[in-house]
Each structure stands twice: as structure tokens, then as C-alpha cells.
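Report on the following structure.
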Amino acid sequence: MIFKEAGQNNFPTMIFIHGGGLSDWSLIPIVDEFQKKFHVITPIIDGHGEAAAETFTSIPDSAAKLIHFIDTQCNGQVFAIAGLSIGAQIVTEVLSQRNDITQYAIIESALVYPITGITNFTVPSYQIFYGLIRQRWFSKLQAKSLCVPNNMLEIYYNDSMKMSKQSLINITLSNGTYHLKESISSTKAKVLIIVGEKEISVMQKSAKRLHKEISGSELYIAPGMRHGEISLKYPQKYMELLEKLFKL
């Protein structure tokens with residue numbers, strides 16, 4: 001896992017974790033604004049972008065690397081941790097393991113219900129279709145489904161070609177088999193849970209379960225929005241939600 005930094009080191013530390021298939025570039029508008037007031041860390045998940053050479057293994061492995069970074073570089077606690085999709089699952093896993101690691105957490109579109117049959121389906125399908133990710137037309141379709149802004153399509157395409165088949169398989173399996181741990185209820189963080197109104201039912205169900213399990217959490221259903229759309233395409237609105245959470 002690669003860790004990028006922006007802002008002054010003496011500012012409160014915020015960590016933003018990108019979604020699957022993306023990288024730190026997807027967070028540029030958010031980082032540009034928050035680095036004025038915060039020390040901003042943007043990890044690049046193994047298997048993605050500049051970290052493509054390191055095979056992604058699992059969400060717990062990524063969570064362990066993030067915890068190690070916070071322990072060794074941030075004195076064991078940060079101001080806030082935010083994540084989208086698989087990044088949000090990593091945040092959820094971190095909160096489940098360490099209840100006092102952050103004051104605030106933002107969980108956007110985290111799947112916490114295992115998908116039936118994902119293991120049997122994933123490996124055979126990627127053996128057949130992996131080559132499609134090198135096709136520009138297919139990349140555009142994927143980017144649209146991920147709500148990647150138009151000005152980031154080219155970098156998304158270039159990063160897609162870097163991802164290994166094994167990382168892609170492991171990402172899909174880890175995402176689709178992740179289950180919520182009971183220990184999440186012990187977190188001391190103030191948590192904001194975000195889900196798009198137009199997301200599939202299991203994502204809506206996941207958000208509501210997180211809201212139920214995490215005492216004092218807030219649930220925001222983004223009107224008319226799809227998976228990850230609010231932070232990727234409407235970063236100003238996303239940042240306003242965070243500032244309201246922080247009472248800035």
C-alpha cells in the first residue's frame with residue numbers, strides 16, 4: 001500500500017481511501033480543498049494505480065496495513081477516515097479492529113452482506129473476460145458504471161490496464177464475501193454512512209445495517225445518486241456533508 005500525503009503535518013490528519021478500480025486521482029478535488037485545513041493521507045490500495053505491482057490480497061490485509069501506518073506515522077489515532085466502496089469496507093474493518101483509532105469515520109457505499117455464489121462465478125468469468133479491460137470501449141462502460149468523471153477517463157483506462165488478473169479476482173472475492181463483524185458496534189468514532197438512492201437493494205440494506213449496528217451514527221441517502229456518485233461527481237456536496245459532521 002502506497003501512502004500519499006498533502007497539507008501540513010501539524011494539521012489534524014484525515015485519510016481518504018479510494019474505491020475499487022480507482023486510485024488516489026479520484027480524490028483530487030477533495031484533497032485540494034481539505035489540505036488547506038488538514039493533513040490529508042490518500043492510500044493507494046494494493047493492485048491499483050501506482051501500487052499495481054503489489055497483488056491485492058484481502059480487505060483485512062489492507063486494513064492491517066492502514067492500522068500499521070496510523071500506529072507508526074500518526075501516533076495511533078487520526079481525526080477522520082473516509083472510504084468509498086471497497087475503501088469503505090476497509091474503513092469498516094479498521095473500525096471493527098480498533099474502536100479508538102479515529103474521531104470520525106465516513107463509510108460510503110460499503111457492502112456488508114456476502115453475495116451468494118460469488119466464489120464459484122468470479123474465477124471462471126475472469127479467466128474468460130480479463131482481456132476486455134484492455135479494450136477502450138469496455139473501459140468506458142466500466143468507468144460509467146463507477147461514476148468516473150469524464151476528465152478522469154483516460155487515467156482510469158491507463159490504470160485499468162495495470163491491474164493484474166489475480167488482483168482483480170481477489171478484489172472481487174474480498175468485496176463480495178465481506179461480512180460485518182459484531183465488534184463494529186464498539187467503535188467510539190462518530191460515523192456518517194452514505195448510500196446512493198439509486199444503488200442496488202443490497203447496498204441500501206448494508207447501509208441500514210451499519211446505521212443500526214453503530215450507535216449514534218448518521219445515515220445519508222444521496223437523492224437520485226448511484227454507487228459512489230456523490231463523492232466522485234459531486235465532491236463539493238460530499239465535502240459539505242463532512243464539514244457538517246465535523247461541525248466546521
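Quick note on naming: the chains in the C-alpha cells go A, B, ... in the order shown, residues restart at 1 in each chain, and ligands are numbered from 1 in order of appearance.
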
For this session: With a distance cut-off of 9 Å and only C-alpha atoms, select the neighbouring residues of Tyr130 (chain A), excluding the residue or stretch itself and same-chain residues fewer than 5 positions from it, and output the selection as a VMD selection string.
Result: chain A and resid 125 165 168

Store the residues picked out above, limited to N, CA, C and O atoms, as a PDB file, in the first residue's frame.
ATOM      1  N   SER A 125     -15.193 -16.566 -14.714  1.00  0.00           N
ATOM      2  CA  SER A 125     -15.576 -15.451 -15.576  1.00  0.00           C
ATOM      3  C   SER A 125     -14.380 -14.567 -15.908  1.00  0.00           C
ATOM      4  O   SER A 125     -14.244 -14.098 -17.046  1.00  0.00           O
ATOM      5  N   LYS A 165      -4.648  -9.837 -13.247  1.00  0.00           N
ATOM      6  CA  LYS A 165      -5.836 -10.684 -13.157  1.00  0.00           C
ATOM      7  C   LYS A 165      -6.045 -11.177 -11.729  1.00  0.00           C
ATOM      8  O   LYS A 165      -7.170 -11.207 -11.235  1.00  0.00           O
ATOM      9  N   LEU A 168      -7.521  -8.460  -9.570  1.00  0.00           N
ATOM     10  CA  LEU A 168      -8.924  -8.268  -9.918  1.00  0.00           C
ATOM     11  C   LEU A 168      -9.801  -9.363  -9.307  1.00  0.00           C
ATOM     12  O   LEU A 168     -10.873  -9.084  -8.746  1.00  0.00           O
TER      13      LEU A 168
END

Problem set entry | Contacts of region 80-84 of chain A at 8 Å (only C-alpha atoms; same-chain gap of 6+ positions) as an MDAnalysis selection string | chainID A and resid 13:19 90:91 102:110 228

Could you please take those selected residues and save N, CA, C and O atoms as a PDB file, in the first residue's frame?
ATOM      1  N   THR A  13      -5.114  14.976  10.985  1.00  0.00           N
ATOM      2  CA  THR A  13      -4.945  14.039   9.871  1.00  0.00           C
ATOM      3  C   THR A  13      -6.269  13.412   9.438  1.00  0.00           C
ATOM      4  O   THR A  13      -7.018  12.880  10.246  1.00  0.00           O
ATOM      5  N   MET A  14      -6.509  13.482   8.122  1.00  0.00           N
ATOM      6  CA  MET A  14      -7.654  12.818   7.504  1.00  0.00           C
ATOM      7  C   MET A  14      -7.135  11.800   6.497  1.00  0.00           C
ATOM      8  O   MET A  14      -6.171  12.074   5.785  1.00  0.00           O
ATOM      9  N   ILE A  15      -7.792  10.656   6.420  1.00  0.00           N
ATOM     10  CA  ILE A  15      -7.413   9.615   5.468  1.00  0.00           C
ATOM     11  C   ILE A  15      -8.604   9.330   4.559  1.00  0.00           C
ATOM     12  O   ILE A  15      -9.709   9.076   5.035  1.00  0.00           O
ATOM     13  N   PHE A  16      -8.359   9.379   3.250  1.00  0.00           N
ATOM     14  CA  PHE A  16      -9.394   9.076   2.260  1.00  0.00           C
ATOM     15  C   PHE A  16      -8.947   7.853   1.456  1.00  0.00           C
ATOM     16  O   PHE A  16      -7.861   7.861   0.865  1.00  0.00           O
ATOM     17  N   ILE A  17      -9.805   6.829   1.391  1.00  0.00           N
ATOM     18  CA  ILE A  17      -9.469   5.592   0.681  1.00  0.00           C
ATOM     19  C   ILE A  17     -10.375   5.451  -0.537  1.00  0.00           C
ATOM     20  O   ILE A  17     -11.605   5.427  -0.411  1.00  0.00           O
ATOM     21  N   HIS A  18      -9.754   5.350  -1.697  1.00  0.00           N
ATOM     22  CA  HIS A  18     -10.489   5.284  -2.957  1.00  0.00           C
ATOM     23  C   HIS A  18     -11.262   3.978  -3.111  1.00  0.00           C
ATOM     24  O   HIS A  18     -11.059   3.009  -2.378  1.00  0.00           O
ATOM     25  N   GLY A  19     -12.128   3.930  -4.115  1.00  0.00           N
ATOM     26  CA  GLY A  19     -12.911   2.744  -4.402  1.00  0.00           C
ATOM     27  C   GLY A  19     -12.175   1.760  -5.290  1.00  0.00           C
ATOM     28  O   GLY A  19     -11.103   2.054  -5.829  1.00  0.00           O
ATOM     29  N   ILE A  90     -12.801  -1.337   3.919  1.00  0.00           N
ATOM     30  CA  ILE A  90     -11.539  -1.277   4.668  1.00  0.00           C
ATOM     31  C   ILE A  90     -11.717  -0.414   5.916  1.00  0.00           C
ATOM     32  O   ILE A  90     -11.264  -0.769   7.010  1.00  0.00           O
ATOM     33  N   VAL A  91     -12.400   0.721   5.767  1.00  0.00           N
ATOM     34  CA  VAL A  91     -12.684   1.575   6.923  1.00  0.00           C
ATOM     35  C   VAL A  91     -13.502   0.801   7.963  1.00  0.00           C
ATOM     36  O   VAL A  91     -13.207   0.833   9.161  1.00  0.00           O
ATOM     37  N   THR A 102      -9.943   6.549  15.367  1.00  0.00           N
ATOM     38  CA  THR A 102     -10.308   7.802  14.705  1.00  0.00           C
ATOM     39  C   THR A 102     -11.475   8.465  15.419  1.00  0.00           C
ATOM     40  O   THR A 102     -12.312   7.794  16.038  1.00  0.00           O
ATOM     41  N   GLN A 103     -11.519   9.779  15.329  1.00  0.00           N
ATOM     42  CA  GLN A 103     -12.642  10.510  15.924  1.00  0.00           C
ATOM     43  C   GLN A 103     -13.888  10.443  15.044  1.00  0.00           C
ATOM     44  O   GLN A 103     -15.007  10.396  15.542  1.00  0.00           O
ATOM     45  N   TYR A 104     -13.662  10.455  13.725  1.00  0.00           N
ATOM     46  CA  TYR A 104     -14.770  10.426  12.773  1.00  0.00           C
ATOM     47  C   TYR A 104     -14.498   9.388  11.696  1.00  0.00           C
ATOM     48  O   TYR A 104     -13.347   9.101  11.368  1.00  0.00           O
ATOM     49  N   ALA A 105     -15.586   8.846  11.136  1.00  0.00           N
ATOM     50  CA  ALA A 105     -15.445   7.908  10.017  1.00  0.00           C
ATOM     51  C   ALA A 105     -16.585   8.148   9.031  1.00  0.00           C
ATOM     52  O   ALA A 105     -17.717   8.421   9.439  1.00  0.00           O
ATOM     53  N   ILE A 106     -16.261   8.050   7.746  1.00  0.00           N
ATOM     54  CA  ILE A 106     -17.254   8.204   6.692  1.00  0.00           C
ATOM     55  C   ILE A 106     -17.230   6.929   5.858  1.00  0.00           C
ATOM     56  O   ILE A 106     -16.205   6.576   5.265  1.00  0.00           O
ATOM     57  N   ILE A 107     -18.356   6.226   5.853  1.00  0.00           N
ATOM     58  CA  ILE A 107     -18.474   4.945   5.149  1.00  0.00           C
ATOM     59  C   ILE A 107     -19.448   5.138   3.993  1.00  0.00           C
ATOM     60  O   ILE A 107     -20.658   5.246   4.190  1.00  0.00           O
ATOM     61  N   GLU A 108     -18.914   5.191   2.770  1.00  0.00           N
ATOM     62  CA  GLU A 108     -19.742   5.440   1.594  1.00  0.00           C
ATOM     63  C   GLU A 108     -19.871   4.171   0.752  1.00  0.00           C
ATOM     64  O   GLU A 108     -18.892   3.672   0.213  1.00  0.00           O
ATOM     65  N   SER A 109     -21.089   3.669   0.667  1.00  0.00           N
ATOM     66  CA  SER A 109     -21.402   2.526  -0.196  1.00  0.00           C
ATOM     67  C   SER A 109     -20.559   1.290   0.132  1.00  0.00           C
ATOM     68  O   SER A 109     -19.833   0.769  -0.715  1.00  0.00           O
ATOM     69  N   ALA A 110     -20.665   0.837   1.367  1.00  0.00           N
ATOM     70  CA  ALA A 110     -19.945  -0.363   1.800  1.00  0.00           C
ATOM     71  C   ALA A 110     -20.876  -1.572   1.788  1.00  0.00           C
ATOM     72  O   ALA A 110     -21.933  -1.558   2.417  1.00  0.00           O
ATOM     73  N   GLY A 228     -21.280   5.588  -5.409  1.00  0.00           N
ATOM     74  CA  GLY A 228     -20.104   6.456  -5.414  1.00  0.00           C
ATOM     75  C   GLY A 228     -20.275   7.784  -6.105  1.00  0.00           C
ATOM     76  O   GLY A 228     -19.321   8.578  -6.174  1.00  0.00           O
TER      77      GLY A 228
END

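The residue set within 8 Å of Ser160 (chain A), counting only C-alpha atoms and dropping same-chain residues fewer than 3 places from it, reads Gly21, His48, Gly49, Ile133, Arg134, Ser139, Tyr156, Tyr157 and Met163 of chain A.
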
Residues just named, written with C-alpha atoms as a PDB file, in the first residue's frame:
ATOM      1  CA  GLY A  21     -10.727   0.126  -9.788  1.00  0.00           C
ATOM      2  CA  HIS A  48      -4.372  -0.268  -8.092  1.00  0.00           C
ATOM      3  CA  GLY A  49      -2.614   2.547  -9.950  1.00  0.00           C
ATOM      4  CA  ILE A 133     -10.216  -4.459 -19.618  1.00  0.00           C
ATOM      5  CA  ARG A 134      -7.612  -3.549 -22.244  1.00  0.00           C
ATOM      6  CA  SER A 139     -13.169   0.664 -20.089  1.00  0.00           C
ATOM      7  CA  TYR A 156      -8.831   5.342 -15.357  1.00  0.00           C
ATOM      8  CA  TYR A 157      -8.204   3.453 -18.600  1.00  0.00           C
ATOM      9  CA  MET A 163      -4.222  -4.271 -12.701  1.00  0.00           C
TER      10      MET A 163
END

Problem set entry | Shell around Asn170 (chain A) at 7 Å using only C-alpha atoms, local window under 4 positions removed, as a PyMOL selection string | chain A and resi 56-58+166+174

For this session: Output as a PyMOL selection string all residues of region 48-236 of chain A that backbone DSSP marks as helix (DSSP H, G or I).
Result: chain A and resi 49-51+59-73+86-97+118-134+136-145+150-162+165-177+182-186+201-213+229-233+235-236

Export of the given selection (C-alpha atoms) as an mmCIF file, in the first residue's frame:
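Final output, selection_2.cif:
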data_model
loop_
_atom_site.group_PDB
_atom_site.id
_atom_site.type_symbol
_atom_site.label_atom_id
_atom_site.label_comp_id
_atom_site.auth_asym_id
_atom_site.auth_seq_id
_atom_site.Cartn_x
_atom_site.Cartn_y
_atom_site.Cartn_z
ATOM 1 C CA GLY A 49 -2.614 2.547 -9.950
ATOM 2 C CA GLU A 50 0.918 3.143 -8.685
ATOM 3 C CA ALA A 51 0.522 0.143 -6.351
ATOM 4 C CA ILE A 59 -9.761 -6.347 2.883
ATOM 5 C CA PRO A 60 -8.370 -7.477 6.295
ATOM 6 C CA ASP A 61 -4.827 -7.310 4.877
ATOM 7 C CA SER A 62 -5.441 -3.763 3.623
ATOM 8 C CA ALA A 63 -6.935 -2.807 6.991
ATOM 9 C CA ALA A 64 -3.868 -4.192 8.784
ATOM 10 C CA LYS A 65 -1.571 -2.087 6.586
ATOM 11 C CA LEU A 66 -3.614 1.028 7.272
ATOM 12 C CA ILE A 67 -3.607 0.394 11.017
ATOM 13 C CA HIS A 68 0.162 -0.110 10.929
ATOM 14 C CA PHE A 69 0.578 3.210 9.118
ATOM 15 C CA ILE A 70 -1.590 5.034 11.655
ATOM 16 C CA ASP A 71 0.283 3.450 14.548
ATOM 17 C CA THR A 72 3.742 4.225 13.181
ATOM 18 C CA GLN A 73 3.122 7.554 11.440
ATOM 19 C CA ILE A 86 -14.026 -1.392 -1.075
ATOM 20 C CA GLY A 87 -12.316 1.575 0.585
ATOM 21 C CA ALA A 88 -15.372 1.864 2.831
ATOM 22 C CA GLN A 89 -15.157 -1.847 3.623
ATOM 23 C CA ILE A 90 -11.539 -1.277 4.668
ATOM 24 C CA VAL A 91 -12.684 1.575 6.923
ATOM 25 C CA THR A 92 -15.363 -0.699 8.390
ATOM 26 C CA GLU A 93 -12.775 -3.395 9.058
ATOM 27 C CA VAL A 94 -10.424 -0.890 10.731
ATOM 28 C CA LEU A 95 -13.230 0.349 13.000
ATOM 29 C CA SER A 96 -14.076 -3.259 13.869
ATOM 30 C CA GLN A 97 -10.497 -3.951 14.951
ATOM 31 C CA ILE A 118 -19.533 -15.040 -5.853
ATOM 32 C CA THR A 119 -16.699 -17.548 -5.351
ATOM 33 C CA ASN A 120 -17.939 -20.012 -7.969
ATOM 34 C CA PHE A 121 -18.636 -17.271 -10.507
ATOM 35 C CA THR A 122 -15.638 -14.947 -10.210
ATOM 36 C CA VAL A 123 -12.623 -17.047 -11.164
ATOM 37 C CA PRO A 124 -14.113 -18.715 -14.278
ATOM 38 C CA SER A 125 -15.576 -15.451 -15.576
ATOM 39 C CA TYR A 126 -12.330 -13.510 -15.218
ATOM 40 C CA GLN A 127 -10.408 -16.273 -16.946
ATOM 41 C CA ILE A 128 -12.607 -15.560 -19.955
ATOM 42 C CA PHE A 129 -13.184 -11.807 -19.789
ATOM 43 C CA TYR A 130 -9.996 -10.370 -18.250
ATOM 44 C CA GLY A 131 -8.714 -9.296 -21.676
ATOM 45 C CA LEU A 132 -11.658 -6.944 -22.100
ATOM 46 C CA ILE A 133 -10.216 -4.459 -19.618
ATOM 47 C CA ARG A 134 -7.612 -3.549 -22.244
ATOM 48 C CA ARG A 136 -11.100 1.202 -24.556
ATOM 49 C CA TRP A 137 -14.830 0.740 -25.248
ATOM 50 C CA PHE A 138 -15.135 -1.683 -22.339
ATOM 51 C CA SER A 139 -13.169 0.664 -20.089
ATOM 52 C CA LYS A 140 -15.631 3.465 -20.885
ATOM 53 C CA LEU A 141 -18.543 1.237 -19.894
ATOM 54 C CA GLN A 142 -16.842 0.326 -16.629
ATOM 55 C CA ALA A 143 -15.969 3.940 -15.917
ATOM 56 C CA LYS A 144 -19.600 4.948 -16.435
ATOM 57 C CA SER A 145 -20.783 2.253 -14.014
ATOM 58 C CA ASN A 150 -15.227 12.445 -17.835
ATOM 59 C CA ASN A 151 -11.997 14.334 -17.189
ATOM 60 C CA MET A 152 -10.593 11.250 -15.449
ATOM 61 C CA LEU A 153 -11.496 8.636 -18.112
ATOM 62 C CA GLU A 154 -8.016 8.425 -19.624
ATOM 63 C CA ILE A 155 -6.203 7.927 -16.336
ATOM 64 C CA TYR A 156 -8.831 5.342 -15.357
ATOM 65 C CA TYR A 157 -8.204 3.453 -18.600
ATOM 66 C CA ASN A 158 -4.419 3.525 -18.117
ATOM 67 C CA ASP A 159 -4.720 2.318 -14.531
ATOM 68 C CA SER A 160 -7.135 -0.451 -15.541
ATOM 69 C CA MET A 161 -4.512 -1.943 -17.841
ATOM 70 C CA LYS A 162 -2.039 -2.127 -14.956
ATOM 71 C CA LYS A 165 -5.836 -10.684 -13.157
ATOM 72 C CA GLN A 166 -5.092 -12.042 -9.681
ATOM 73 C CA SER A 167 -5.635 -8.642 -8.057
ATOM 74 C CA LEU A 168 -8.924 -8.268 -9.918
ATOM 75 C CA ILE A 169 -10.071 -11.702 -8.781
ATOM 76 C CA ASN A 170 -9.013 -11.085 -5.175
ATOM 77 C CA ILE A 171 -10.690 -7.668 -5.090
ATOM 78 C CA THR A 172 -13.971 -9.096 -6.370
ATOM 79 C CA LEU A 173 -13.871 -12.056 -3.984
ATOM 80 C CA SER A 174 -12.932 -9.990 -0.936
ATOM 81 C CA ASN A 175 -15.593 -7.398 -1.739
ATOM 82 C CA GLY A 176 -18.297 -9.989 -2.386
ATOM 83 C CA THR A 177 -17.579 -12.160 0.651
ATOM 84 C CA GLU A 182 -20.109 -7.554 15.725
ATOM 85 C CA SER A 183 -17.192 -5.543 17.123
ATOM 86 C CA ILE A 184 -18.149 -2.608 14.857
ATOM 87 C CA SER A 185 -20.707 -1.677 17.496
ATOM 88 C CA SER A 186 -17.875 -0.848 19.914
ATOM 89 C CA SER A 201 -31.040 -3.071 -2.787
ATOM 90 C CA VAL A 202 -28.184 -4.941 -1.079
ATOM 91 C CA MET A 203 -26.251 -1.657 -0.800
ATOM 92 C CA GLN A 204 -29.282 0.053 0.728
ATOM 93 C CA LYS A 205 -29.654 -2.891 3.093
ATOM 94 C CA SER A 206 -25.952 -2.721 4.006
ATOM 95 C CA ALA A 207 -26.152 1.000 4.825
ATOM 96 C CA LYS A 208 -29.178 0.488 7.041
ATOM 97 C CA ARG A 209 -27.483 -2.374 8.867
ATOM 98 C CA LEU A 210 -24.391 -0.280 9.523
ATOM 99 C CA HIS A 211 -26.599 2.522 10.814
ATOM 100 C CA LYS A 212 -28.365 0.079 13.134
ATOM 101 C CA GLU A 213 -25.157 -1.536 14.448
ATOM 102 C CA GLU A 229 -21.644 9.258 -7.425
ATOM 103 C CA ILE A 230 -21.769 11.865 -4.676
ATOM 104 C CA SER A 231 -18.044 11.843 -3.848
ATOM 105 C CA LEU A 232 -16.850 11.255 -7.429
ATOM 106 C CA LYS A 233 -19.107 13.592 -9.391
ATOM 107 C CA PRO A 235 -17.297 16.382 -4.419
ATOM 108 C CA GLN A 236 -18.478 19.788 -3.170
#

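Using only C-alpha atoms, the protein and nucleic acid residues lying no more than 8 Å from Arg226 (chain A), apart from those fewer than 3 places from it along its own chain, are A:Cys147, A:Gly196, A:Glu197, A:Lys198, A:Glu199, A:Glu229, A:Ile230.
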
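Residues lying within 7 Å of Leu219 (chain A), counting only C-alpha atoms and ignoring same-chain neighbours fewer than 2 positions away, are Leu192, Ile193, Ile194, His211, Ser217 and Ile221 of chain A.
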
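The space separating CA of Lys247 (chain A) from CA of Ile30 (chain A) comes to 17.4 Å.
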
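Ranking A:Ile101, A:Ile41, A:Leu146, A:Ile200 by their shortest atom-to-atom distance to Lys188 (chain A), with only C-alpha atoms included, puts A:Ile101 first.
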
For this session: Pick out the closest residue to Ser85 (chain A) from this set: A:Ala222, A:Ile214, A:Val195, A:Val40. Count only C-alpha atoms.
Result: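 Distance minimum relative to Ser85 (chain A) lands on A:Val195.
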